[in-house]
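Shown next, in structure tokens, is the structure this report addresses.
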Amino acid sequence: MLNVPSAFQPGYEAIRPSNPGLADSYIAHMTVGDPPADKVVEELADLDQRQFHLFVRTMMDVEPARIDTVPRVLREFFGEVGTFPDWYDSLPVQPGCRAFHRNSDLFVLAFVASTIVRGFGTTISLSFLETGKVIDFGRRRLRQNLRHLVEIMIPGGLERHGDGWKLCLRIRLVHAQVRKLIADSGDWDSAAYGRPISAGHVALSSAAFSAMLLQDAVRLGARIDDAERASFIHLWRCGSWLMGVPEPLLFRDEANAHELLRVGLRCEPPAGLESIVMAHSLINSIPHIIGIEGKRRRRRMISLLQRLSRRMIGARLADELKLPRKISTGAIALVGLQRRLRNLRGILPSFVGGENADVARFSDLLEWSSLDGDAEGFSYRLPEHVGVSLAGKS
């Protein structure tokens, strides 16, 4: 008999008749974590974090002279993700990369105003909200997600030594550690919410960052042909596989990803306090991340983002997330107009000092998504504590 966490029971019963197989599979994976990554974290729990970082770096960078010193469980984990399945070569990845960077400003705007807000409008927010660090967490979470998106979409990013490949595994191990910390805290209500950062939620997030993000960017004016759309989704399918999404929930194409979103989002309960806090934290973080100075300018930016977000995510979810009921009609059109003006400046170098619009967009992306690490690159140290005073609380 299927074990349905109580928070998802009403939504699951309502949506199941339309696609019983997918609904059952999705709910079954709400009580599953990521067995390979969870095993690594469990077996190496007593390891000093500095040593863990060095072991992971050894495997990431394939340092032959030191691999024999790495614990077996970590070597086995990397052995499982060292080679993509045969379907990896079924579609070229270059068209998806080109489409993203040609429209990177619209993808980022779609991401921050819609995709990530809708994502944290689910019970995913329960696992990520850290008590006492809401503002800092919102900024850090947004930067990390943007960096992940950028690195996946850089040509070669998902190859064995690419930073996209490394970030997927870094995030996967962090997820496993957070699952363990929350479970050890004793504050998580598993009967209501299943596993924290469950396989179901990771799959739902992957579908959001691919199909939903693509749809949102097109709504804002991105021009992407069918081959580029298929390639973009394929890139995210590869990234999702790296992040441990199980085969039954690993979308095959854009339509399949949208169906997973339809079923998964309908299983969710109405947005709660955690989702409200996360949504406002993320939106309020954006002016700081992109370097807007002055309270008045920041308030204007936040107001525009709130209007755009309400238009993109719909009135029902916007009301649940307590977004201000501002007039949002015309917000999407305004984005299109502003982009057309910026592109015009890009082809009139006499007015802008010769700066190329595509180069400027890419530079902005790298700056906004800068990820804290150490002098040698990404840090692979795992979090050692997590605040969960809101998680699992009704």
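Following the order of the structure tokens, first chain is A, next is B, and so on, with residues numbered from 1 inside each chain and ligands from 1 in the order they appear.
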
Shell of 10 Å around Pro71 in chain A, only C-alpha atoms, local chain residues under 3 positions omitted, as a PDB file with C-alpha atoms, in the first residue's frame:
```pdb
ATOM      1  CA  VAL A  40      28.416   8.772   1.618  1.00  0.00           C
ATOM      2  CA  GLU A  43      29.536   6.621   6.493  1.00  0.00           C
ATOM      3  CA  LEU A  44      31.773   9.712   6.539  1.00  0.00           C
ATOM      4  CA  PHE A  52      36.126  15.578   3.436  1.00  0.00           C
ATOM      5  CA  PHE A  55      38.753  13.792  -0.591  1.00  0.00           C
ATOM      6  CA  VAL A  56      35.941  15.188  -2.731  1.00  0.00           C
ATOM      7  CA  ILE A  67      42.714   8.427  -5.232  1.00  0.00           C
ATOM      8  CA  ASP A  68      43.765   5.340  -3.235  1.00  0.00           C
ATOM      9  CA  LEU A  74      33.207   8.054  -2.012  1.00  0.00           C
ATOM     10  CA  ARG A  75      35.065   6.303  -4.831  1.00  0.00           C
ATOM     11  CA  GLU A  76      32.009   4.153  -5.514  1.00  0.00           C
TER      12      GLU A  76
END
```

(message) Give me the residues near range 166-176 of chain A as number ranges by chain, where near means some atom within 9 Å (using only C-alpha atoms) and where sequence neighbours in that chain fewer than 5 positions away do not count.
(response) A: 33-35, 37-42, 56, 60, 78, 81, 147-148, 151-152, 157-158, 160-161, 181, 196-197, 239-240, 242-244, 378-383

List every residue of range 34-133 of chain A that has an atom at most 12 Å from any atom of range 250-258 of chain A, and for each one report the closest atom pair and its distance in Å to one decimal, counting only C-alpha atoms, with rows sorted by chain and then by increasing residue number, as a tab-separated table.
```
residue	atom	partner	partner_atom	distance
A:Trp87	CA	A:Arg252	CA	9.8
A:Tyr88	CA	A:Arg252	CA	11.2
A:Ser90	CA	A:Arg252	CA	11.2
A:Leu91	CA	A:Asp253	CA	11.0
```

Written file, previous selection with N, CA and C atoms, as a PDB file, in the first residue's frame:
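Output below, filename again09.pdb:
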```
ATOM      1  N   TRP A  87      21.879   7.702 -23.485  1.00  0.00           N
ATOM      2  CA  TRP A  87      21.004   8.721 -24.058  1.00  0.00           C
ATOM      3  C   TRP A  87      21.629  10.120 -24.040  1.00  0.00           C
ATOM      4  N   TYR A  88      22.748  10.288 -23.323  1.00  0.00           N
ATOM      5  CA  TYR A  88      23.390  11.604 -23.257  1.00  0.00           C
ATOM      6  C   TYR A  88      23.742  12.121 -24.653  1.00  0.00           C
ATOM      7  N   SER A  90      22.196  11.522 -27.393  1.00  0.00           N
ATOM      8  CA  SER A  90      21.059  11.462 -28.318  1.00  0.00           C
ATOM      9  C   SER A  90      20.702  12.821 -28.911  1.00  0.00           C
ATOM     10  N   LEU A  91      21.092  13.890 -28.250  1.00  0.00           N
ATOM     11  CA  LEU A  91      20.816  15.245 -28.758  1.00  0.00           C
ATOM     12  C   LEU A  91      22.045  16.121 -28.552  1.00  0.00           C
TER      13      LEU A  91
END
```

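With distances restricted to only C-alpha atoms, A:His280 is the closest residue to Val112 in chain A from A:His29, A:Arg223, A:Arg237, A:His280.
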
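Comparing the minimum interatomic distances between Glu259 in chain A and each of A:Gly21, A:Gly79, A:Gly194, A:Gly164, counting only C-alpha atoms, we find that A:Gly21 sits nearest.
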
(request) Please indicate the distance in Å from CA of Val263 in chain A to CA of Asn145 in chain A, rounded to one decimal place. (result) 23.5 Å

(message) Which of range 133-315 of chain A end up as helix (DSSP H, G or I) when DSSP is run on this backbone - answer as a count of residues only?
(response) 139

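Minimum atom-to-atom distances from A:Gln306, A:Asn103, A:Ser285, A:Thr83 to Cys238 in chain A were compared using only C-alpha atoms, and the lowest value belongs to A:Thr83.
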
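Within the 12 Å cut-off around Ile302 in chain A, using only C-alpha atoms and omitting residues fewer than 2 positions from it on the same chain, the listed residues are Val112, Ala113, Ala279, His280, Ser281, Leu282, Ile283, Asn284, Ser285, Ile286, Pro287, His288, Ile292, Lys295, Arg296, Arg297, Arg298, Arg299, Arg300, Leu304, Leu305, Gln306, Arg307, Leu308, Ser309, Leu323, Pro324 and Lys326 of chain A.
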
Those residues with N, CA, C and O atoms, as a JSON list (two decimals), in the first residue's frame please?
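Contents of selection.json, freshly written:
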```json
[["chain", "number", "residue", "atom", "x", "y", "z"],
["A", 112, "VAL", "N", 14.21, 34.53, -11.46],
["A", 112, "VAL", "CA", 14.06, 35.18, -10.15],
["A", 112, "VAL", "C", 12.64, 35.66, -9.90],
["A", 112, "VAL", "O", 12.20, 35.75, -8.75],
["A", 113, "ALA", "N", 11.89, 35.99, -10.96],
["A", 113, "ALA", "CA", 10.55, 36.54, -10.77],
["A", 113, "ALA", "C", 9.47, 35.46, -10.78],
["A", 113, "ALA", "O", 8.37, 35.70, -10.29],
["A", 279, "ALA", "N", 9.78, 33.35, -0.41],
["A", 279, "ALA", "CA", 9.45, 34.12, -1.61],
["A", 279, "ALA", "C", 9.86, 35.59, -1.43],
["A", 279, "ALA", "O", 10.48, 36.19, -2.31],
["A", 280, "HIS", "N", 9.50, 36.17, -0.29],
["A", 280, "HIS", "CA", 9.83, 37.58, -0.06],
["A", 280, "HIS", "C", 11.33, 37.77, 0.12],
["A", 280, "HIS", "O", 11.90, 38.78, -0.33],
["A", 281, "SER", "N", 11.98, 36.81, 0.77],
["A", 281, "SER", "CA", 13.43, 36.89, 0.96],
["A", 281, "SER", "C", 14.15, 36.88, -0.38],
["A", 281, "SER", "O", 15.08, 37.66, -0.62],
["A", 282, "LEU", "N", 13.72, 35.99, -1.29],
["A", 282, "LEU", "CA", 14.35, 35.89, -2.60],
["A", 282, "LEU", "C", 14.16, 37.17, -3.42],
["A", 282, "LEU", "O", 15.12, 37.71, -3.99],
["A", 283, "ILE", "N", 12.93, 37.66, -3.48],
["A", 283, "ILE", "CA", 12.65, 38.87, -4.26],
["A", 283, "ILE", "C", 13.40, 40.07, -3.67],
["A", 283, "ILE", "O", 13.99, 40.88, -4.41],
["A", 284, "ASN", "N", 13.40, 40.20, -2.35],
["A", 284, "ASN", "CA", 14.08, 41.33, -1.72],
["A", 284, "ASN", "C", 15.60, 41.26, -1.86],
["A", 284, "ASN", "O", 16.29, 42.27, -1.69],
["A", 285, "SER", "N", 16.12, 40.06, -2.17],
["A", 285, "SER", "CA", 17.57, 39.90, -2.31],
["A", 285, "SER", "C", 18.09, 40.41, -3.65],
["A", 285, "SER", "O", 19.26, 40.76, -3.77],
["A", 286, "ILE", "N", 17.24, 40.46, -4.64],
["A", 286, "ILE", "CA", 17.70, 40.72, -6.01],
["A", 286, "ILE", "C", 18.38, 42.07, -6.17],
["A", 286, "ILE", "O", 19.46, 42.16, -6.77],
["A", 287, "PRO", "N", 17.82, 43.19, -5.65],
["A", 287, "PRO", "CA", 18.52, 44.47, -5.81],
["A", 287, "PRO", "C", 19.92, 44.46, -5.21],
["A", 287, "PRO", "O", 20.83, 45.08, -5.74],
["A", 288, "HIS", "N", 20.10, 43.74, -4.10],
["A", 288, "HIS", "CA", 21.42, 43.67, -3.47],
["A", 288, "HIS", "C", 22.38, 42.87, -4.34],
["A", 288, "HIS", "O", 23.55, 43.23, -4.49],
["A", 292, "ILE", "N", 22.17, 47.31, -6.98],
["A", 292, "ILE", "CA", 21.39, 48.55, -7.00],
["A", 292, "ILE", "C", 21.56, 49.28, -5.66],
["A", 292, "ILE", "O", 21.30, 48.71, -4.60],
["A", 295, "LYS", "N", 17.94, 53.20, -1.13],
["A", 295, "LYS", "CA", 16.69, 52.57, -0.71],
["A", 295, "LYS", "C", 15.57, 52.80, -1.71],
["A", 295, "LYS", "O", 14.77, 51.90, -1.98],
["A", 296, "ARG", "N", 15.50, 54.00, -2.27],
["A", 296, "ARG", "CA", 14.40, 54.31, -3.19],
["A", 296, "ARG", "C", 14.49, 53.44, -4.45],
["A", 296, "ARG", "O", 13.49, 52.88, -4.90],
["A", 297, "ARG", "N", 15.70, 53.32, -5.02],
["A", 297, "ARG", "CA", 15.87, 52.51, -6.22],
["A", 297, "ARG", "C", 15.59, 51.04, -5.93],
["A", 297, "ARG", "O", 15.03, 50.32, -6.76],
["A", 298, "ARG", "N", 16.01, 50.59, -4.77],
["A", 298, "ARG", "CA", 15.76, 49.19, -4.40],
["A", 298, "ARG", "C", 14.27, 48.92, -4.25],
["A", 298, "ARG", "O", 13.76, 47.89, -4.67],
["A", 299, "ARG", "N", 13.56, 49.86, -3.61],
["A", 299, "ARG", "CA", 12.11, 49.69, -3.44],
["A", 299, "ARG", "C", 11.41, 49.64, -4.79],
["A", 299, "ARG", "O", 10.47, 48.86, -4.99],
["A", 300, "ARG", "N", 11.86, 50.48, -5.74],
["A", 300, "ARG", "CA", 11.25, 50.48, -7.07],
["A", 300, "ARG", "C", 11.50, 49.15, -7.77],
["A", 300, "ARG", "O", 10.61, 48.61, -8.43],
["A", 304, "LEU", "N", 8.64, 46.42, -8.90],
["A", 304, "LEU", "CA", 8.50, 45.90, -10.26],
["A", 304, "LEU", "C", 8.54, 44.38, -10.27],
["A", 304, "LEU", "O", 7.75, 43.72, -10.96],
["A", 305, "LEU", "N", 9.46, 43.80, -9.49],
["A", 305, "LEU", "CA", 9.58, 42.35, -9.44],
["A", 305, "LEU", "C", 8.33, 41.70, -8.85],
["A", 305, "LEU", "O", 7.89, 40.64, -9.29],
["A", 306, "GLN", "N", 7.76, 42.34, -7.84],
["A", 306, "GLN", "CA", 6.52, 41.81, -7.26],
["A", 306, "GLN", "C", 5.39, 41.84, -8.26],
["A", 306, "GLN", "O", 4.61, 40.88, -8.35],
["A", 307, "ARG", "N", 5.29, 42.92, -9.03],
["A", 307, "ARG", "CA", 4.25, 42.99, -10.06],
["A", 307, "ARG", "C", 4.47, 41.93, -11.13],
["A", 307, "ARG", "O", 3.53, 41.26, -11.57],
["A", 308, "LEU", "N", 5.72, 41.81, -11.56],
["A", 308, "LEU", "CA", 6.03, 40.82, -12.59],
["A", 308, "LEU", "C", 5.79, 39.40, -12.08],
["A", 308, "LEU", "O", 5.23, 38.57, -12.78],
["A", 309, "SER", "N", 6.20, 39.15, -10.84],
["A", 309, "SER", "CA", 6.00, 37.83, -10.25],
["A", 309, "SER", "C", 4.52, 37.49, -10.16],
["A", 309, "SER", "O", 4.10, 36.38, -10.50],
["A", 323, "LEU", "N", 2.06, 38.31, -1.81],
["A", 323, "LEU", "CA", 2.62, 39.36, -2.65],
["A", 323, "LEU", "C", 1.62, 40.50, -2.76],
["A", 323, "LEU", "O", 0.41, 40.26, -2.86],
["A", 324, "PRO", "N", 2.08, 41.75, -2.73],
["A", 324, "PRO", "CA", 1.16, 42.89, -2.78],
["A", 324, "PRO", "C", 0.24, 42.82, -3.99],
["A", 324, "PRO", "O", 0.67, 42.42, -5.08],
["A", 326, "LYS", "N", -0.74, 44.54, -6.44],
["A", 326, "LYS", "CA", -0.49, 45.69, -7.29],
["A", 326, "LYS", "C", -0.93, 45.37, -8.71],
["A", 326, "LYS", "O", -1.02, 44.20, -9.10]]
```

(request) Using only C-alpha atoms, determine which residues lie at most 12 Å from Ile116 in chain A, disregarding the query and same-chain residues fewer than 3 positions distant; provide the list as a VMD selection string. (result) chain A and resid 107 to 113 119 to 122 124 to 125 138 141 to 146 149 204 to 210 212 to 213 216 275 278 to 283 309 312 to 313

Would you save the residues from that selection as a short mmCIF file (atom, residue, chain, number, x, y, z; two decimals), in the first residue's frame, using C-alpha atoms?
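Written file, again.cif:
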```cif
data_model
loop_
_atom_site.label_atom_id
_atom_site.label_comp_id
_atom_site.auth_asym_id
_atom_site.auth_seq_id
_atom_site.Cartn_x
_atom_site.Cartn_y
_atom_site.Cartn_z
CA PHE A 107 16.23 33.59 -18.44
CA VAL A 108 17.60 35.19 -15.28
CA LEU A 109 14.59 37.51 -14.94
CA ALA A 110 12.22 34.58 -15.50
CA PHE A 111 14.15 32.58 -12.93
CA VAL A 112 14.06 35.18 -10.15
CA ALA A 113 10.55 36.54 -10.77
CA GLY A 119 9.47 26.42 -6.63
CA PHE A 120 9.69 27.69 -3.08
CA GLY A 121 5.91 28.08 -3.04
CA THR A 122 5.93 24.33 -2.34
CA ILE A 124 10.48 22.35 -0.61
CA SER A 125 10.84 25.55 1.40
CA GLY A 138 17.81 34.22 0.40
CA ARG A 141 20.33 30.52 -2.26
CA LEU A 142 19.67 32.78 -5.24
CA ARG A 143 23.37 33.10 -6.08
CA GLN A 144 23.87 29.34 -5.81
CA ASN A 145 20.93 28.54 -8.06
CA LEU A 146 22.01 31.15 -10.61
CA LEU A 149 22.18 27.44 -14.05
CA LEU A 204 10.11 18.56 -9.33
CA SER A 205 12.80 21.23 -8.96
CA SER A 206 14.64 19.88 -11.99
CA ALA A 207 11.47 20.03 -14.06
CA ALA A 208 10.90 23.61 -12.88
CA PHE A 209 14.44 24.75 -13.71
CA SER A 210 14.06 23.26 -17.18
CA MET A 212 9.03 25.95 -16.41
CA LEU A 213 12.04 28.24 -16.80
CA ASP A 216 8.76 31.64 -18.49
CA SER A 275 7.05 29.57 1.47
CA MET A 278 11.30 32.38 1.25
CA ALA A 279 9.45 34.12 -1.61
CA HIS A 280 9.83 37.58 -0.06
CA SER A 281 13.43 36.89 0.96
CA LEU A 282 14.35 35.89 -2.60
CA ILE A 283 12.65 38.87 -4.26
CA SER A 309 6.00 37.83 -10.25
CA MET A 312 3.90 35.27 -14.01
CA ILE A 313 2.84 32.92 -11.20
#
```

(request) Point out the residue among A:Arg195, A:Arg72, A:Arg229, A:Arg311 with the least atom-to-atom distance to Val32 in chain A, counting only C-alpha atoms. (result) A:Arg195

(request) For CA of Leu249 in chain A and CA of Thr123 in chain A, quote the distance in Å rounded to one decimal. (result) 18.1 Å
